[in-house]
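*Asks:* I am sharing upload23.txt, which consists of compact mmCIF, C-alpha atoms and all ligand atoms:
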```txt
# COMPACT_ATOMS: atom_id res chain seq x y z
CA MET A 164 -44.76 -136.79 -96.47
CA GLN A 165 -42.33 -139.69 -96.50
CA THR A 166 -40.64 -141.92 -93.98
CA PRO A 167 -36.83 -142.09 -93.93
CA SER A 168 -36.97 -145.12 -96.23
CA GLY A 169 -39.01 -143.14 -98.72
CA HIS A 170 -42.43 -144.71 -98.37
CA PRO A 171 -45.26 -142.18 -98.39
CA VAL A 172 -47.31 -141.78 -95.24
CA ALA A 173 -50.92 -142.16 -96.30
CA ALA A 174 -52.76 -140.65 -93.34
CA THR A 175 -52.40 -140.03 -89.64
CA SER A 176 -55.40 -141.98 -88.31
CA PRO A 177 -54.77 -145.21 -86.35
CA GLU A 178 -56.11 -146.95 -89.43
CA SER A 179 -52.98 -145.87 -91.31
CA THR A 180 -50.75 -148.08 -89.19
CA ARG A 181 -52.57 -151.21 -90.28
CA GLN A 182 -50.38 -153.32 -92.51
CA ALA A 183 -52.01 -155.48 -95.15
CA ARG A 184 -51.27 -159.15 -94.58
CA LEU A 185 -49.29 -160.71 -97.42
CA VAL A 186 -48.80 -164.40 -98.03
CA VAL A 187 -46.00 -165.05 -100.51
CA LEU A 188 -45.88 -168.22 -102.61
CA ALA A 189 -42.41 -169.04 -103.92
CA SER A 190 -40.69 -172.06 -105.47
CA GLY A 191 -37.16 -170.76 -105.92
CA GLY A 192 -34.37 -168.71 -104.43
CA GLY A 193 -36.74 -166.00 -103.30
CA SER A 194 -35.00 -162.76 -104.26
CA ASN A 195 -38.40 -161.15 -104.79
CA LEU A 196 -39.50 -162.36 -101.35
CA ALA A 197 -36.25 -160.95 -99.92
CA ALA A 198 -37.10 -157.54 -101.40
CA LEU A 199 -40.56 -157.61 -99.80
CA LEU A 200 -39.05 -158.65 -96.48
CA ALA A 201 -36.60 -155.76 -96.70
CA ALA A 202 -39.50 -153.32 -97.15
CA HIS A 203 -42.04 -154.65 -94.69
CA ASP A 204 -40.49 -153.53 -91.39
CA ASP A 205 -41.36 -149.95 -92.24
CA VAL A 206 -44.93 -149.60 -90.99
CA ALA A 207 -45.55 -146.91 -93.60
CA TYR A 208 -44.91 -149.49 -96.31
CA GLY A 209 -48.42 -150.67 -95.52
CA ALA A 210 -47.91 -154.40 -95.97
CA ARG A 211 -46.27 -157.20 -94.04
CA VAL A 212 -45.34 -160.73 -95.11
CA VAL A 213 -47.12 -162.92 -92.58
CA GLY A 214 -46.52 -166.27 -94.22
CA VAL A 215 -44.57 -168.01 -96.97
CA VAL A 216 -45.84 -171.10 -98.76
CA SER A 217 -43.67 -173.22 -101.05
CA ASP A 218 -44.18 -176.34 -103.12
CA LYS A 219 -40.48 -177.15 -102.78
CA PRO A 220 -38.96 -178.27 -99.46
CA ASP A 221 -35.51 -176.97 -100.54
CA ALA A 222 -36.65 -173.54 -101.78
CA GLY A 223 -34.30 -170.76 -100.75
CA ALA A 224 -37.40 -168.70 -100.02
CA LEU A 225 -38.04 -170.90 -96.97
CA THR A 226 -34.64 -170.06 -95.50
CA LEU A 227 -35.25 -166.37 -96.12
CA ALA A 228 -38.59 -166.61 -94.31
CA GLN A 229 -37.03 -168.43 -91.39
CA ASP A 230 -34.21 -165.88 -91.12
CA ALA A 231 -36.79 -163.08 -91.10
CA GLY A 232 -38.91 -164.79 -88.43
CA VAL A 233 -41.80 -165.30 -90.84
CA ALA A 234 -43.84 -168.51 -90.64
CA SER A 235 -43.49 -170.83 -93.60
CA VAL A 236 -45.04 -174.03 -94.80
CA VAL A 237 -44.24 -176.56 -97.52
CA VAL A 238 -47.15 -177.97 -99.50
CA ALA A 239 -45.47 -180.48 -101.82
CA PRO A 240 -47.45 -182.21 -104.59
CA LYS A 241 -45.93 -185.57 -103.69
CA ASP A 242 -47.75 -185.48 -100.34
CA PHE A 243 -51.17 -185.37 -102.05
CA THR A 244 -53.12 -187.94 -104.01
CA ASP A 245 -53.75 -185.66 -106.99
CA ARG A 246 -53.51 -182.11 -108.28
CA ALA A 247 -56.92 -181.09 -106.97
CA ALA A 248 -56.05 -182.23 -103.44
CA TRP A 249 -52.70 -180.43 -103.62
CA ASN A 250 -54.43 -177.28 -104.82
CA ASP A 251 -56.85 -177.46 -101.89
CA GLY A 252 -53.89 -178.01 -99.58
CA VAL A 253 -52.21 -174.85 -100.85
CA ALA A 254 -55.46 -172.89 -100.45
CA GLU A 255 -55.85 -174.09 -96.85
CA ALA A 256 -52.22 -173.29 -96.03
CA VAL A 257 -52.64 -169.78 -97.43
CA ALA A 258 -56.01 -169.20 -95.72
CA VAL A 259 -54.53 -170.00 -92.29
CA PHE A 260 -52.53 -166.76 -92.55
CA ARG A 261 -55.72 -164.71 -93.28
CA PRO A 262 -54.12 -162.82 -96.18
CA ASP A 263 -55.32 -159.54 -97.58
CA TYR A 264 -53.21 -160.31 -100.65
CA VAL A 265 -51.47 -163.39 -101.99
CA VAL A 266 -48.24 -162.68 -103.86
CA LEU A 267 -46.89 -165.23 -106.33
CA ALA A 268 -43.16 -164.48 -106.40
CA GLY A 269 -41.53 -167.15 -108.50
CA PHE A 270 -44.20 -169.77 -107.79
CA MET A 271 -43.72 -172.18 -110.66
CA ARG A 272 -46.98 -174.12 -110.55
CA ILE A 273 -50.42 -173.35 -111.92
CA LEU A 274 -53.11 -172.88 -109.28
CA ALA A 275 -56.57 -174.23 -110.06
CA PRO A 276 -59.59 -171.96 -110.62
CA SER A 277 -60.91 -172.91 -107.15
CA PHE A 278 -57.81 -171.29 -105.61
CA VAL A 279 -58.17 -168.21 -107.78
CA ASP A 280 -61.88 -167.94 -106.88
CA ARG A 281 -61.19 -168.22 -103.17
CA PHE A 282 -58.83 -165.22 -103.19
CA ALA A 283 -60.36 -163.53 -106.24
CA GLY A 284 -58.94 -160.11 -107.08
CA ARG A 285 -56.38 -160.42 -104.29
CA ILE A 286 -53.73 -162.58 -105.97
CA VAL A 287 -50.81 -160.78 -107.57
CA ASN A 288 -48.14 -162.45 -109.72
CA THR A 289 -44.79 -161.22 -110.94
CA HIS A 290 -43.69 -162.44 -114.36
CA PRO A 291 -40.31 -161.91 -116.06
CA ALA A 292 -41.59 -160.61 -119.42
CA LEU A 293 -43.82 -157.88 -120.79
CA LEU A 294 -47.18 -159.68 -120.85
CA PRO A 295 -49.15 -160.57 -122.86
CA SER A 296 -45.93 -161.54 -124.66
CA PHE A 297 -44.11 -164.62 -123.43
CA PRO A 298 -46.37 -166.04 -120.70
CA GLY A 299 -45.58 -169.33 -118.97
CA ALA A 300 -42.63 -170.88 -117.23
CA HIS A 301 -39.93 -169.67 -119.69
CA GLY A 302 -40.69 -166.00 -120.23
CA VAL A 303 -37.04 -164.94 -120.37
CA ARG A 304 -35.93 -167.79 -122.65
CA ASP A 305 -38.88 -167.29 -125.00
CA ALA A 306 -38.29 -163.52 -125.31
CA LEU A 307 -34.61 -164.10 -126.05
CA ALA A 308 -35.41 -166.81 -128.63
CA HIS A 309 -37.84 -164.45 -130.35
CA GLY A 310 -35.13 -161.83 -130.68
CA VAL A 311 -36.94 -158.95 -128.95
CA ARG A 312 -34.80 -155.89 -128.21
CA VAL A 313 -36.83 -154.90 -125.16
CA THR A 314 -38.41 -157.20 -122.59
CA GLY A 315 -39.09 -156.66 -118.90
CA CYS A 316 -41.38 -157.66 -116.10
CA THR A 317 -45.06 -157.50 -115.29
CA VAL A 318 -46.99 -157.43 -112.03
CA HIS A 319 -50.55 -158.54 -112.66
CA VAL A 320 -53.69 -159.77 -110.99
CA VAL A 321 -54.10 -163.52 -111.29
CA ASP A 322 -57.15 -164.88 -113.08
CA SER A 323 -57.84 -168.46 -114.08
CA GLY A 324 -55.58 -168.31 -117.17
CA VAL A 325 -51.81 -168.59 -117.34
CA ASP A 326 -50.40 -165.04 -116.92
CA THR A 327 -53.53 -163.57 -118.51
CA GLY A 328 -54.91 -161.40 -115.66
CA PRO A 329 -55.22 -157.60 -115.65
CA ILE A 330 -51.85 -155.82 -115.61
CA ILE A 331 -51.06 -153.55 -112.67
CA ALA A 332 -47.53 -152.42 -113.57
CA GLN A 333 -44.70 -153.13 -115.99
CA ALA A 334 -41.06 -152.19 -116.39
CA ALA A 335 -38.99 -152.45 -119.55
CA VAL A 336 -35.50 -153.96 -119.73
CA PRO A 337 -33.37 -153.72 -122.91
CA VAL A 338 -31.87 -156.93 -124.30
CA ALA A 339 -28.10 -156.77 -124.91
CA ASP A 340 -26.53 -158.42 -127.96
CA ASP A 341 -24.49 -160.76 -125.78
CA ASP A 342 -27.27 -161.66 -123.33
CA ASP A 343 -27.96 -165.27 -122.50
CA GLU A 344 -30.96 -166.39 -120.48
CA ALA A 345 -29.12 -166.09 -117.17
CA SER A 346 -27.68 -162.61 -117.74
CA LEU A 347 -30.97 -161.25 -119.05
CA HIS A 348 -32.95 -162.80 -116.21
CA GLU A 349 -30.59 -161.29 -113.63
CA ARG A 350 -31.11 -157.81 -115.11
CA ILE A 351 -34.87 -158.34 -115.29
CA LYS A 352 -34.87 -159.43 -111.66
CA VAL A 353 -33.29 -156.15 -110.57
CA ALA A 354 -36.15 -154.25 -112.22
CA GLU A 355 -38.66 -156.83 -111.05
CA ARG A 356 -37.80 -156.56 -107.36
CA ALA A 357 -38.21 -152.80 -107.40
CA LEU A 358 -41.46 -153.01 -109.37
CA LEU A 359 -42.93 -155.71 -107.14
CA VAL A 360 -42.10 -153.91 -103.89
CA GLU A 361 -43.42 -150.62 -105.20
CA THR A 362 -46.59 -152.13 -106.69
CA VAL A 363 -47.50 -154.36 -103.75
CA GLY A 364 -47.00 -151.41 -101.38
CA ARG A 365 -49.28 -149.20 -103.46
CA VAL A 366 -51.92 -151.92 -103.68
CA ALA A 367 -51.75 -152.51 -99.94
CA ARG A 368 -52.02 -148.82 -99.07
CA GLU A 369 -54.52 -147.74 -101.68
CA GLY A 370 -56.50 -150.85 -102.67
CA LEU A 371 -57.03 -152.52 -106.00
CA ARG A 372 -60.05 -152.75 -108.26
CA ILE A 373 -60.62 -154.38 -111.60
CA GLU A 374 -62.54 -152.68 -114.39
CA GLY A 375 -62.68 -154.96 -117.40
CA ARG A 376 -59.09 -155.56 -118.52
CA ARG A 377 -57.74 -152.79 -116.31
CA ALA A 378 -56.35 -153.17 -112.81
CA ILE A 379 -56.62 -149.84 -111.00
CA VAL A 380 -54.76 -149.01 -107.81
CA GLY A 381 -56.46 -146.53 -105.52
C1 LIG A 401 -38.77 -164.29 -111.04
O1 LIG A 401 -38.08 -163.72 -112.11
C2 LIG A 401 -40.22 -164.50 -111.40
O2 LIG A 401 -40.74 -163.52 -112.24
C3 LIG A 401 -40.17 -165.82 -112.10
O3 LIG A 401 -39.30 -166.58 -111.32
C4 LIG A 401 -38.31 -165.72 -110.78
C5 LIG A 401 -38.18 -166.01 -109.30
O4 LIG A 401 -37.07 -165.40 -108.76
N1 LIG A 401 -41.48 -166.39 -112.20
C6 LIG A 401 -41.91 -167.00 -113.30
O5 LIG A 401 -41.21 -167.21 -114.28
C7 LIG A 401 -43.36 -167.46 -113.23
N2 LIG A 401 -43.85 -167.77 -114.52
P1 LIG A 401 -36.82 -165.39 -107.18
O6 LIG A 401 -37.04 -166.81 -106.68
O7 LIG A 401 -35.40 -164.96 -107.04
O8 LIG A 401 -37.79 -164.42 -106.58
```
Output the file's structure in the form of structure tokens.
*Replies:*
Amino acid sequence: MQTPSGHPVAATSPESTRQARLVVLASGGGSNLAALLAAHDDVAYGARVVGVVSDKPDAGALTLAQDAGVASVVVAPKDFTDRAAWNDGVAEAVAVFRPDYVVLAGFMRILAPSFVDRFAGRIVNTHPALLPSFPGAHGVRDALAHGVRVTGCTVHVVDSGVDTGPIIAQAAVPVADDDDEASLHERIKVAERALLVETVGRVAREGLRIEGRRAIVG
């Protein structure tokens, strides 16, 4: 059974109307956040963005949150004495929203192991390359520079490494001969938004467990 927007209805018990609480961390324009916000009004989606946290006061993601009536908070490194204090500040800001899952959607800073431990197994990141290839802040640029013919996007569980956690889902995107970083990233982002919305919804509705290197939904 599906709702008009196409999301499967999991069950008919009152439990089924519970929406997992998502906190989204974003540093940039927030097109991935926008996609989650477009999905979350459908109760059958199973997840709702309850808070947005950014390290950048001018992040477009903050405007999107405000327009959607979602609480947001800026935790900027410059307001903290050091990285550890900033990291704790982000963890506190996230914890206030009592998240079931934390979604890193274009969050361009590394979170310390203490953050990862606090929300262990419940942090999901979207990355614009087919991990384990091209981790880090320049996944699109690095894939293009390497000359790959196919790249894509990855939704994975965050561990204490940089883009090293168990992979939940991936989508492939072909590289065109005339692609530059911007054109390729735009095409990846189309696939990425769909993958992120679909994957986060499945995780929220069905749960997530880790077995070794494998992230299993359901
Ligand atoms: C996305 O492509 C995301 O994968 C990437 O930033 C973009 C954010 O777009 N994240 C990384 O590169 C993290 N290493 P958005 O602000 O439009 O959602």
*Asks:* Please identify every residue of chain A that has at least one atom no farther than 6 Å from an atom of ligand LIG 401 (chain A), counting all atoms listed in the file, and for each give the shortest atom pair and the distance in Å to one decimal, arranged by chain then increasing number, as JSON lines.
*Replies:*
```
{"residue": "A:Gly191", "atom": "CA", "partner": "A:LIG401", "partner_atom": "O6", "distance": 4.0}
{"residue": "A:Gly192", "atom": "CA", "partner": "A:LIG401", "partner_atom": "O6", "distance": 4.0}
{"residue": "A:Gly193", "atom": "CA", "partner": "A:LIG401", "partner_atom": "O6", "distance": 3.5}
{"residue": "A:Ser194", "atom": "CA", "partner": "A:LIG401", "partner_atom": "O7", "distance": 3.6}
{"residue": "A:Asn195", "atom": "CA", "partner": "A:LIG401", "partner_atom": "O8", "distance": 3.8}
{"residue": "A:Leu196", "atom": "CA", "partner": "A:LIG401", "partner_atom": "O8", "distance": 5.9}
{"residue": "A:Ala268", "atom": "CA", "partner": "A:LIG401", "partner_atom": "O8", "distance": 5.4}
{"residue": "A:Gly269", "atom": "CA", "partner": "A:LIG401", "partner_atom": "C5", "distance": 3.6}
{"residue": "A:Phe270", "atom": "CA", "partner": "A:LIG401", "partner_atom": "C7", "distance": 6.0}
{"residue": "A:Met271", "atom": "CA", "partner": "A:LIG401", "partner_atom": "C7", "distance": 5.4}
{"residue": "A:Thr289", "atom": "CA", "partner": "A:LIG401", "partner_atom": "O2", "distance": 4.8}
{"residue": "A:His290", "atom": "CA", "partner": "A:LIG401", "partner_atom": "O2", "distance": 3.8}
{"residue": "A:Pro291", "atom": "CA", "partner": "A:LIG401", "partner_atom": "O2", "distance": 4.2}
{"residue": "A:Gly299", "atom": "CA", "partner": "A:LIG401", "partner_atom": "N2", "distance": 5.0}
{"residue": "A:Ala300", "atom": "CA", "partner": "A:LIG401", "partner_atom": "N2", "distance": 4.3}
{"residue": "A:Lys352", "atom": "CA", "partner": "A:LIG401", "partner_atom": "O1", "distance": 5.4}
```
*Asks:* Pick out the closest residue to Val236 in chain A from this set: A:Gly381, A:Gly310, A:Pro298, A:Gly252. Count all atoms listed in the file.
*Replies:*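 Between A:Gly381, A:Gly310, A:Pro298, A:Gly252, the residue approaching Val236 in chain A most closely is A:Gly252.
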*Asks:* Please write as a ChimeraX atom specification the list of polymer residues whose atoms come within 12 Å of (-51.6, -164.7, -100.6), counting all atoms listed in the file and keeping to the coordinates of the file.
*Replies:* /A:183-189,210-217,253-268,270,278-279,281-288,320-321,363
*Asks:* Of the candidates A:Gly315, A:Gly375, A:Pro220, A:Gly370, which shows the shortest atom-to-atom distance to Ala332 in chain A, using all atoms listed in the file?
*Replies:*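 Nearest to Ala332 in chain A: A:Gly315.
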*Asks:* Need the neighbours of (-26.4, -161.6, -123.0): which residues are at most 12 Å away, counting all atoms listed in the file, as a PyMOL selection string?
*Replies:* chain A and resi 303-304+307-308+310+312+337-351
*Asks:* Considering all atoms listed in the file, can you say which of A:Tyr208, A:Gly223, A:Thr180, A:Leu200 comes closest to Ala367 in chain A?
*Replies:*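 Going through A:Tyr208, A:Gly223, A:Thr180, A:Leu200 one by one, the smallest distance to Ala367 in chain A is for A:Tyr208.
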*Asks:* For a test of reading the model, state the distance in Å between CA of Ala231 in chain A and CA of Arg368 in chain A, rounded to one decimal.
*Replies:*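 Those two atoms sit 22.3 Å apart.
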